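Remarks on the structure that follows.
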Number of protein chains: 2
Amino acid sequence: MTQYKYLLTEKDMPTHWYNIVADMETPPPPYRHPATLELLGPDDLAPVFPQALIEQEVSAERWIEIPEEVQDVLKMWRPAPLYRAHRWEKQLDTPARIYYKWEGVSPPGSHKPNTAIAQCYYARQEGLEGFATETGAGQWGSALSFATQFFGLKCKVFMVTISYHQKPYRRVMMETWGGSVVPSPSSETNAGRVILAQDPETTGSLGIAISEAIEYAVTHDGWKYSLGSVVNFVLLHQTVIGLEAKKQMEMAGDYPDIVIGCAGGGSNAAGLIYPFMQDKLTGTKPNLRAMFVESSACPSMTRGQYAYDWGDTAKTGPVTKMHTVGHGFIPAPVHAGGLRYHGMAPTICHLLSNEQAEARAYHQIEIFDAAHSFARAEGFIVAPETAHAIKAVYDEAMACKEAGEDKVILFNASGHGHFDLSAYDAYHGKDLLDYELEEDRLERALEDLPEIAE
Amino acid sequence: MTQYKYLLTEKDMPTHWYNIVADMETPPPPYRHPATLELLGPDDLAPVFPQALIEQEVSAERWIEIPEEVQDVLKMWRPAPLYRAHRWEKQLDTPARIYYKWEGVSPPGSHKPNTAIAQCYYARQEGLEGFATETGAGQWGSALSFATQFFGLKCKVFMVTISYHQKPYRRVMMETWGGSVVPSPSSETNAGRVILAQDPETTGSLGIAISEAIEYAVTHDGWKYSLGSVVNFVLLHQTVIGLEAKKQMEMAGDYPDIVIGCAGGGSNAAGLIYPFMQDKLTGTKPNLRAMFVESSACPSMTRGQYAYDWGDTAKTGPVTKMHTVGHGFIPAPVHAGGLRYHGMAPTICHLLSNEQAEARAYHQIEIFDAAHSFARAEGFIVAPETAHAIKAVYDEAMACKEAGEDKVILFNASGHGHFDLSAYDAYHGKDLLDYELEEDRLERALEDLPEIAE
């Protein structure tokens, strides 16, 4: 009989995270101070992040041990299943063999808790009282609220005002797990109060919410800031995805020709791709293709510059070299809220600039076409972010059909779309819009980058 | 290291459903014709249900083979994981060992597709064009829409008007999988038109929606009616839950003292409990306790009569002997929409009347207290229906603590609560109500039962 799922037991779970920096010929460029633009030392980050995470951020060790207690909480849903998409292959009539890792089985519904749990572990080790963070659509805020409860930490979430009102279910989810959620901009921080004074009717933005969360963290004793993507230590924690997938692909007797993930800050894609990328960087699998898929509404990798930029709108976070559309760029209101970040993880950008990986951007309607086709065949209704990866898989599978090639394609199904069904409703009702990139807006945003001589 | 999950592979999946009727000393009383009240023959059901399902309904065979194609679609998420609730045990400080089967991993989010898929298989075998059904909160309609797409069938769902407007996400889910959803009462059936003429502003009811779905099925060539609970063949299909759980409990080296499920029509509870109940009925485990948990708002087992009654409000479906609060009883608007059915599965009632099983009813606020405690420890946010089972487990675990007994408790976590977060919001905001049973209303509803001499 046909096998659909490849399952590992709790005993097969990875015991170490994989740090891709160890296998890069040169490390990615270092961080810079947001104000002085000088090289940033670990001390500069100390008020913001727990010490152990700062050490992981700058580590060049290849394997970093996953604390037993972190593994223990991950077991709540990990190892996650790997699927062979037999039904979708048949529907597409493609000779390609398509596999996907299904991260939607976690209680918050995405890959995000993989790092949230690790961060909470180190926060408690350090004796912290709580974590402050921002959230847009709510995936990251849910994951952090979920994780904090297992380590006796408090959780303060600044949720972009428009999402706070439009996605009340995500807020309720956070509150059920004990998180405290406020709409951002709020009156609880200087950053928030300034914006509210200028524009009391503002709907908020992720950039403002980040600034509020950082301010809250550094001005409250025992509190630090938690970030859900972009930085090395987050991508590191996500490598459990790819490490599991490698074992599962072995069970299936296959190895991918192409590995694909959607990328906003890049953490779910890197989580799946990096453990395979090790084989490419070390020469075992030189022809492996790694593909990062973004939204055409926020095309940092395909239309942005590879340049130094601030990580947040208010210029309070570190400056780093990355593909960016500019920290002031405001993307069109696509449903894939997780892909609306202006930058990209520095390690991913480093791989792209070394031509060891590739990037692609898609518009909103075509990604829902692909996700709908996937839901009709495989049953799972995915998040709009994940739909971007699915569209890339669709195109590659169709290219295989055209060329008569039986390539092996693996992608990360990073989350379910249970809280995104209004987007599917708009899609069914043909109310969904594609947005052309406003060239002048992009140009203006790219004018405000820091000047740093390398 | 602690083990949390017991996982089976696709190869370990049950190949046969378990039919509890084979192990009962006497079969449950037979069905009666809705109009004549005479004994019902298989031919009477032929216009409504596929032939193979009618045969299963009256079968006394102990094991009924699961067609390979049904197993194949079930593999999309089965075998489902069995969890040991280590964290919740610790939080409750109970010596009890608590296990749960997690059915929330199915794409529609509950146990419902276990039978939807089997029914669609037989419908296609019979060459049908489509299935009509009703849905309240949307769990069953989602499961049937999901299932029909794998067998090339159409799906027509009559969704209670108030839910159609209050739970748009469930509607979108059904439409994503290709279902056609109309608010009920609709103008598409005589039953609907009559009600709409009397009361154009009606919010509908499950009883009316059932009548519309049956009418639609019997008046359209190639269409039949699909039912998601109550009847024997549905409970039969759900026994995959308990058959898997028995193997998984064996892996855990434990056997339950108490098996618990929430019960509206009874299918998820029976699905878990019946394969264990076999051990009780055949004398291997005489002391096993089987507990069916209902809502105090619709207390058919704890406050209703064990009597003949119609299965639907409009008296178009079969008459059967069951615990009932009367087919005309309108329960208070508790969030657990799946527990608002006036009757109960005849085989469950038969076990109750033979004192081989027990029943319990809970109010709304206490079940959310229990579900919240569970979410804080185990991470999963369950459906309000499932919360009833959790409250019973909570009480039993506390009794163990009181008595210093280390009983083994197993329950069915039948579905997630991702579409029920407004109920959790009301709970957090202390806006949730308990409803006292209106005795005179129950009395009136019980006056309109058919008179049948046994």
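Going through the structure tokens in order, the chains are called A, B, and so on, while each chain numbers its residues from 1 and the ligands are numbered from 1 in the order shown.
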May I ask you to extract the residues of chain B within 8 Å of chain A, using only C-alpha atoms, and to give them as a PyMOL selection string?
-> chain B and resi 2-5+7+9-10+72+75-76+105+107+146+149-150+169+172-173+176-178+372+375-381+418-419+421-422+424-425+428
Writer output for current selection, C-alpha atoms, as a short mmCIF file (atom, residue, chain, number, x, y, z; two decimals), in the first residue's frame:
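Ended up saving to selection.cif:
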```
data_model
loop_
_atom_site.label_atom_id
_atom_site.label_comp_id
_atom_site.auth_asym_id
_atom_site.auth_seq_id
_atom_site.Cartn_x
_atom_site.Cartn_y
_atom_site.Cartn_z
CA THR B 2 9.91 11.22 29.49
CA GLN B 3 7.73 9.97 26.65
CA TYR B 4 4.70 12.07 25.75
CA LYS B 5 3.34 10.62 22.55
CA LEU B 7 2.71 6.95 17.62
CA THR B 9 2.79 3.98 11.62
CA GLU B 10 0.47 3.70 8.66
CA ASP B 72 -5.74 5.24 2.14
CA LYS B 75 -3.75 8.06 6.22
CA MET B 76 -3.85 11.78 5.50
CA VAL B 105 -4.92 16.62 13.73
CA PRO B 107 -7.60 18.68 8.31
CA PHE B 146 -13.48 17.56 2.86
CA GLN B 149 -13.54 15.84 -2.87
CA PHE B 150 -11.52 12.62 -2.68
CA TYR B 169 -14.78 30.65 8.67
CA VAL B 172 -15.22 29.27 3.88
CA MET B 173 -13.50 26.01 4.87
CA THR B 176 -12.46 25.73 -0.11
CA TRP B 177 -12.97 21.98 -0.25
CA GLY B 178 -15.69 22.39 -2.89
CA HIS B 372 -8.44 26.35 30.18
CA ALA B 375 -4.64 24.41 27.52
CA ARG B 376 -2.25 25.93 30.04
CA ALA B 377 -0.64 22.55 30.71
CA GLU B 378 -0.93 20.56 27.49
CA GLY B 379 -0.96 23.44 24.99
CA PHE B 380 -3.96 22.33 22.96
CA ILE B 381 -7.03 24.57 22.85
CA HIS B 418 -9.69 27.18 16.53
CA PHE B 419 -13.15 28.21 15.37
CA LEU B 421 -12.25 31.17 20.23
CA SER B 422 -15.13 33.62 20.65
CA TYR B 424 -12.95 31.37 25.07
CA ASP B 425 -13.08 35.16 24.74
CA HIS B 428 -11.97 35.14 29.79
#
```
Find the residues around His350 (chain A) up to 10 Å (only C-alpha atoms counted), leave out those fewer than 5 positions away in its own chain, and share them as a PyMOL selection string.
-> chain A and resi 24+26-29+306+321-323+345+355-357
Have a look at A:Ala392, A:Met159, A:Met344, A:Leu144 and name the one nearest to Leu227 (chain A); count only C-alpha atoms.
->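 With only C-alpha atoms as the atom set, the closest residue is A:Leu144.
When CA of His111 (chain A) is paired with CA of Ile210 (chain A), their separation reads 20.4 Å.
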Each residue of region 300-419 of chain A with at least one atom at most 10 Å from region 136-142 of chain A should appear once, together with its nearest atom pair and the corresponding distance in Å (one decimal); atoms considered: only C-alpha atoms; ordering: chain, then increasing residue number; output as JSON lines.
```
{"residue": "A:His335", "atom": "CA", "partner": "A:Ala137", "partner_atom": "CA", "distance": 8.8}
{"residue": "A:Ala336", "atom": "CA", "partner": "A:Ala137", "partner_atom": "CA", "distance": 8.4}
{"residue": "A:Gly337", "atom": "CA", "partner": "A:Ala137", "partner_atom": "CA", "distance": 5.7}
{"residue": "A:Gly338", "atom": "CA", "partner": "A:Ala137", "partner_atom": "CA", "distance": 7.2}
{"residue": "A:Arg340", "atom": "CA", "partner": "A:Gly136", "partner_atom": "CA", "distance": 9.3}
{"residue": "A:Gly415", "atom": "CA", "partner": "A:Gln139", "partner_atom": "CA", "distance": 9.0}
{"residue": "A:Phe419", "atom": "CA", "partner": "A:Ala137", "partner_atom": "CA", "distance": 9.1}
```
Selected residues written out, C-alpha atoms, as a JSON list (two decimals), in the first residue's frame:
```json
[["chain", "number", "residue", "atom", "x", "y", "z"],
["A", 335, "HIS", "CA", -2.82, 38.73, 3.50],
["A", 336, "ALA", "CA", 0.60, 37.12, 4.04],
["A", 337, "GLY", "CA", 1.41, 39.38, 7.01],
["A", 338, "GLY", "CA", 4.48, 37.31, 7.82],
["A", 340, "ARG", "CA", 5.77, 41.99, 4.95],
["A", 415, "GLY", "CA", 1.57, 26.70, 9.06],
["A", 419, "PHE", "CA", -7.11, 32.13, 11.07]]
```
Would you list, as number ranges by chain, the residues of region 32-255 of chain A that end up in strand (DSSP E or B) under DSSP run on this structure's backbone?
-> A: 32, 39, 63-65, 82-84, 97-102, 110, 130-135, 154-160, 180-184, 223-225
Contact residues around Glu25 (chain B) with only C-alpha atoms at 12 Å, ignoring same-chain residues under 2 positions, as an mmCIF file with N, CA, C and O atoms, in the first residue's frame:
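Okay, this is what ended up in selection-v6.cif:
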```cif
data_model
loop_
_atom_site.group_PDB
_atom_site.id
_atom_site.type_symbol
_atom_site.label_atom_id
_atom_site.label_comp_id
_atom_site.auth_asym_id
_atom_site.auth_seq_id
_atom_site.Cartn_x
_atom_site.Cartn_y
_atom_site.Cartn_z
ATOM 1 N N ILE B 20 -19.961 -3.270 17.925
ATOM 2 C CA ILE B 20 -20.243 -3.662 19.310
ATOM 3 C C ILE B 20 -21.508 -4.508 19.438
ATOM 4 O O ILE B 20 -21.642 -5.287 20.385
ATOM 5 N N VAL B 21 -22.410 -4.370 18.487
ATOM 6 C CA VAL B 21 -23.675 -5.126 18.548
ATOM 7 C C VAL B 21 -23.398 -6.633 18.657
ATOM 8 O O VAL B 21 -24.122 -7.365 19.344
ATOM 9 N N ALA B 22 -22.303 -7.081 18.021
ATOM 10 C CA ALA B 22 -21.956 -8.508 18.051
ATOM 11 C C ALA B 22 -21.672 -9.003 19.460
ATOM 12 O O ALA B 22 -21.818 -10.197 19.748
ATOM 13 N N ASP B 23 -21.275 -8.119 20.349
ATOM 14 C CA ASP B 23 -20.937 -8.538 21.707
ATOM 15 C C ASP B 23 -21.984 -8.150 22.752
ATOM 16 O O ASP B 23 -21.748 -8.299 23.947
ATOM 17 N N PRO B 27 -29.587 -7.202 21.052
ATOM 18 C CA PRO B 27 -29.344 -6.026 20.214
ATOM 19 C C PRO B 27 -30.208 -4.860 20.692
ATOM 20 O O PRO B 27 -31.196 -5.079 21.403
ATOM 21 N N PRO B 28 -29.844 -3.627 20.338
ATOM 22 C CA PRO B 28 -30.718 -2.500 20.702
ATOM 23 C C PRO B 28 -32.050 -2.622 19.953
ATOM 24 O O PRO B 28 -32.106 -3.271 18.903
ATOM 25 N N ALA B 60 -24.774 -7.690 12.338
ATOM 26 C CA ALA B 60 -24.394 -8.194 13.658
ATOM 27 C C ALA B 60 -22.994 -8.806 13.608
ATOM 28 O O ALA B 60 -22.542 -9.438 14.560
ATOM 29 N N GLN B 278 -15.491 -3.773 24.447
ATOM 30 C CA GLN B 278 -15.480 -5.192 24.062
ATOM 31 C C GLN B 278 -14.874 -6.040 25.179
ATOM 32 O O GLN B 278 -15.371 -7.119 25.490
ATOM 33 N N LEU B 281 -17.512 -6.321 27.905
ATOM 34 C CA LEU B 281 -18.654 -7.170 27.535
ATOM 35 C C LEU B 281 -18.261 -8.643 27.460
ATOM 36 O O LEU B 281 -19.061 -9.530 27.728
ATOM 37 N N THR B 282 -17.009 -8.896 27.078
ATOM 38 C CA THR B 282 -16.579 -10.289 26.962
ATOM 39 C C THR B 282 -15.934 -10.793 28.257
ATOM 40 O O THR B 282 -15.413 -11.899 28.305
ATOM 41 N N HIS B 350 -28.552 1.752 24.981
ATOM 42 C CA HIS B 350 -28.716 0.346 25.343
ATOM 43 C C HIS B 350 -27.712 -0.036 26.440
ATOM 44 O O HIS B 350 -28.061 -0.687 27.419
ATOM 45 N N LEU B 351 -26.474 0.402 26.300
ATOM 46 C CA LEU B 351 -25.444 0.131 27.319
ATOM 47 C C LEU B 351 -25.788 0.826 28.634
ATOM 48 O O LEU B 351 -25.610 0.256 29.721
ATOM 49 N N ASN B 354 -28.489 -0.966 30.406
ATOM 50 C CA ASN B 354 -27.982 -2.221 30.981
ATOM 51 C C ASN B 354 -26.962 -1.974 32.098
ATOM 52 O O ASN B 354 -26.319 -2.907 32.577
ATOM 53 N N GLN B 356 -24.071 -0.789 31.885
ATOM 54 C CA GLN B 356 -22.704 -1.119 31.468
ATOM 55 C C GLN B 356 -21.892 0.153 31.165
ATOM 56 O O GLN B 356 -20.710 0.078 30.839
#
```
Between B:Gly271, B:Pro14, B:Gly343, B:Gly311, single out the one closest to Val70 (chain B), counting only C-alpha atoms.
->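 The shortest atom-to-atom distance to Val70 (chain B) comes from B:Pro14.
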Selection: 10 Å around Ala359 (chain A), only C-alpha atoms, excl. self and same-chain fewer than 6 positions, as a PyMOL selection string | chain A and resi 260-263+290-294+299-302+348-349+352
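Minimum atom-to-atom distances from B:Gly404, B:Pro384, B:Gly266, B:Pro256 to Thr239 (chain B) were compared using only C-alpha atoms, and the lowest value belongs to B:Gly266.
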Nearest to Val160 (chain B), chosen from B:Gly283, B:Gly222, B:Gly130, B:Pro185, with only C-alpha atoms counted in the distances =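 Closest to Val160 (chain B) of all the choices is B:Pro185.
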Separation of CA of Leu128 (chain A) from CA of Glu55 (chain A), in Å and rounded to one decimal |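 Separation between CA of Leu128 (chain A) and CA of Glu55 (chain A): 17.1 Å.
The list of residues with at least one atom within 6 Å of His16 (chain A), based on only C-alpha atoms and without residues fewer than 3 positions apart in the same chain, reads Trp63, Ile64, Glu65 and Ile66 of chain A.
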Just the selected residues (all heavy atoms), exported as a PDB file, in the first residue's frame, please.
```pdb
ATOM      1  N   TRP A  63      27.657  22.497  15.681  1.00  0.00           N
ATOM      2  CA  TRP A  63      26.537  21.842  16.369  1.00  0.00           C
ATOM      3  C   TRP A  63      26.381  22.419  17.769  1.00  0.00           C
ATOM      4  O   TRP A  63      27.336  22.470  18.532  1.00  0.00           O
ATOM      5  CB  TRP A  63      26.770  20.323  16.462  1.00  0.00           C
ATOM      6  CG  TRP A  63      26.821  19.685  15.107  1.00  0.00           C
ATOM      7  CD1 TRP A  63      27.927  19.276  14.438  1.00  0.00           C
ATOM      8  CD2 TRP A  63      25.713  19.427  14.245  1.00  0.00           C
ATOM      9  NE1 TRP A  63      27.596  18.770  13.203  1.00  0.00           N
ATOM     10  CE2 TRP A  63      26.236  18.847  13.057  1.00  0.00           C
ATOM     11  CE3 TRP A  63      24.327  19.624  14.333  1.00  0.00           C
ATOM     12  CZ2 TRP A  63      25.422  18.464  11.985  1.00  0.00           C
ATOM     13  CZ3 TRP A  63      23.518  19.244  13.268  1.00  0.00           C
ATOM     14  CH2 TRP A  63      24.071  18.663  12.115  1.00  0.00           C
ATOM     15  N   ILE A  64      25.182  22.844  18.101  1.00  0.00           N
ATOM     16  CA  ILE A  64      24.921  23.423  19.418  1.00  0.00           C
ATOM     17  C   ILE A  64      23.845  22.574  20.096  1.00  0.00           C
ATOM     18  O   ILE A  64      22.776  22.326  19.521  1.00  0.00           O
ATOM     19  CB  ILE A  64      24.486  24.898  19.288  1.00  0.00           C
ATOM     20  CG1 ILE A  64      25.665  25.713  18.717  1.00  0.00           C
ATOM     21  CG2 ILE A  64      24.017  25.463  20.623  1.00  0.00           C
ATOM     22  CD1 ILE A  64      25.355  27.155  18.424  1.00  0.00           C
ATOM     23  N   GLU A  65      24.174  22.137  21.296  1.00  0.00           N
ATOM     24  CA  GLU A  65      23.305  21.179  21.982  1.00  0.00           C
ATOM     25  C   GLU A  65      21.931  21.770  22.307  1.00  0.00           C
ATOM     26  O   GLU A  65      21.827  22.906  22.775  1.00  0.00           O
ATOM     27  CB  GLU A  65      23.987  20.713  23.272  1.00  0.00           C
ATOM     28  CG  GLU A  65      23.389  19.427  23.795  1.00  0.00           C
ATOM     29  CD  GLU A  65      24.147  18.850  24.987  1.00  0.00           C
ATOM     30  OE1 GLU A  65      25.200  19.413  25.356  1.00  0.00           O
ATOM     31  OE2 GLU A  65      23.667  17.854  25.542  1.00  0.00           O
ATOM     32  N   ILE A  66      20.894  20.990  22.067  1.00  0.00           N
ATOM     33  CA  ILE A  66      19.536  21.408  22.436  1.00  0.00           C
ATOM     34  C   ILE A  66      19.302  20.949  23.866  1.00  0.00           C
ATOM     35  O   ILE A  66      19.326  19.745  24.140  1.00  0.00           O
ATOM     36  CB  ILE A  66      18.471  20.777  21.516  1.00  0.00           C
ATOM     37  CG1 ILE A  66      18.822  21.015  20.044  1.00  0.00           C
ATOM     38  CG2 ILE A  66      17.084  21.309  21.851  1.00  0.00           C
ATOM     39  CD1 ILE A  66      17.865  20.336  19.054  1.00  0.00           C
TER      40      ILE A  66
END
```
Interatomic distance, CA of His33 (chain A) to CA of Ala209 (chain A) (Å, one decimal) |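 The value is 20.1 Å.
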Would you kindly return, as a PyMOL selection string, each protein, DNA or RNA residue with an atom no farther than 10 Å from any atom of Glu402 (chain A), considering only C-alpha atoms and excluding same-chain residues fewer than 4 positions away?
-> chain A and resi 94-95+396-398
Store the residues picked out above, limited to N, CA, C and O atoms, as a PDB file, in the first residue's frame.
```pdb
ATOM      1  N   THR A  94       2.249  15.360 -12.703  1.00  0.00           N
ATOM      2  CA  THR A  94       3.680  15.665 -12.840  1.00  0.00           C
ATOM      3  C   THR A  94       4.526  14.443 -12.488  1.00  0.00           C
ATOM      4  O   THR A  94       4.152  13.672 -11.595  1.00  0.00           O
ATOM      5  N   PRO A  95       5.645  14.247 -13.172  1.00  0.00           N
ATOM      6  CA  PRO A  95       6.555  13.162 -12.793  1.00  0.00           C
ATOM      7  C   PRO A  95       7.385  13.507 -11.554  1.00  0.00           C
ATOM      8  O   PRO A  95       8.084  12.653 -11.020  1.00  0.00           O
ATOM      9  N   GLU A 396       7.701  24.521 -10.277  1.00  0.00           N
ATOM     10  CA  GLU A 396       8.774  23.543 -10.503  1.00  0.00           C
ATOM     11  C   GLU A 396       8.207  22.196 -10.950  1.00  0.00           C
ATOM     12  O   GLU A 396       8.783  21.527 -11.805  1.00  0.00           O
ATOM     13  N   ALA A 397       7.071  21.813 -10.356  1.00  0.00           N
ATOM     14  CA  ALA A 397       6.446  20.541 -10.730  1.00  0.00           C
ATOM     15  C   ALA A 397       5.951  20.598 -12.165  1.00  0.00           C
ATOM     16  O   ALA A 397       6.035  19.609 -12.909  1.00  0.00           O
ATOM     17  N   MET A 398       5.451  21.764 -12.581  1.00  0.00           N
ATOM     18  CA  MET A 398       4.979  21.924 -13.954  1.00  0.00           C
ATOM     19  C   MET A 398       6.148  21.942 -14.939  1.00  0.00           C
ATOM     20  O   MET A 398       6.045  21.417 -16.050  1.00  0.00           O
TER      21      MET A 398
END
```
Identify, on the basis of only C-alpha atoms, every residue whose closest approach to Phe131 (chain B) does not exceed 7 Å; exclude the query and any residue fewer than 4 positions from it along the same chain; express the result as a ChimeraX atom specification.
-> /B:154-156,223-226
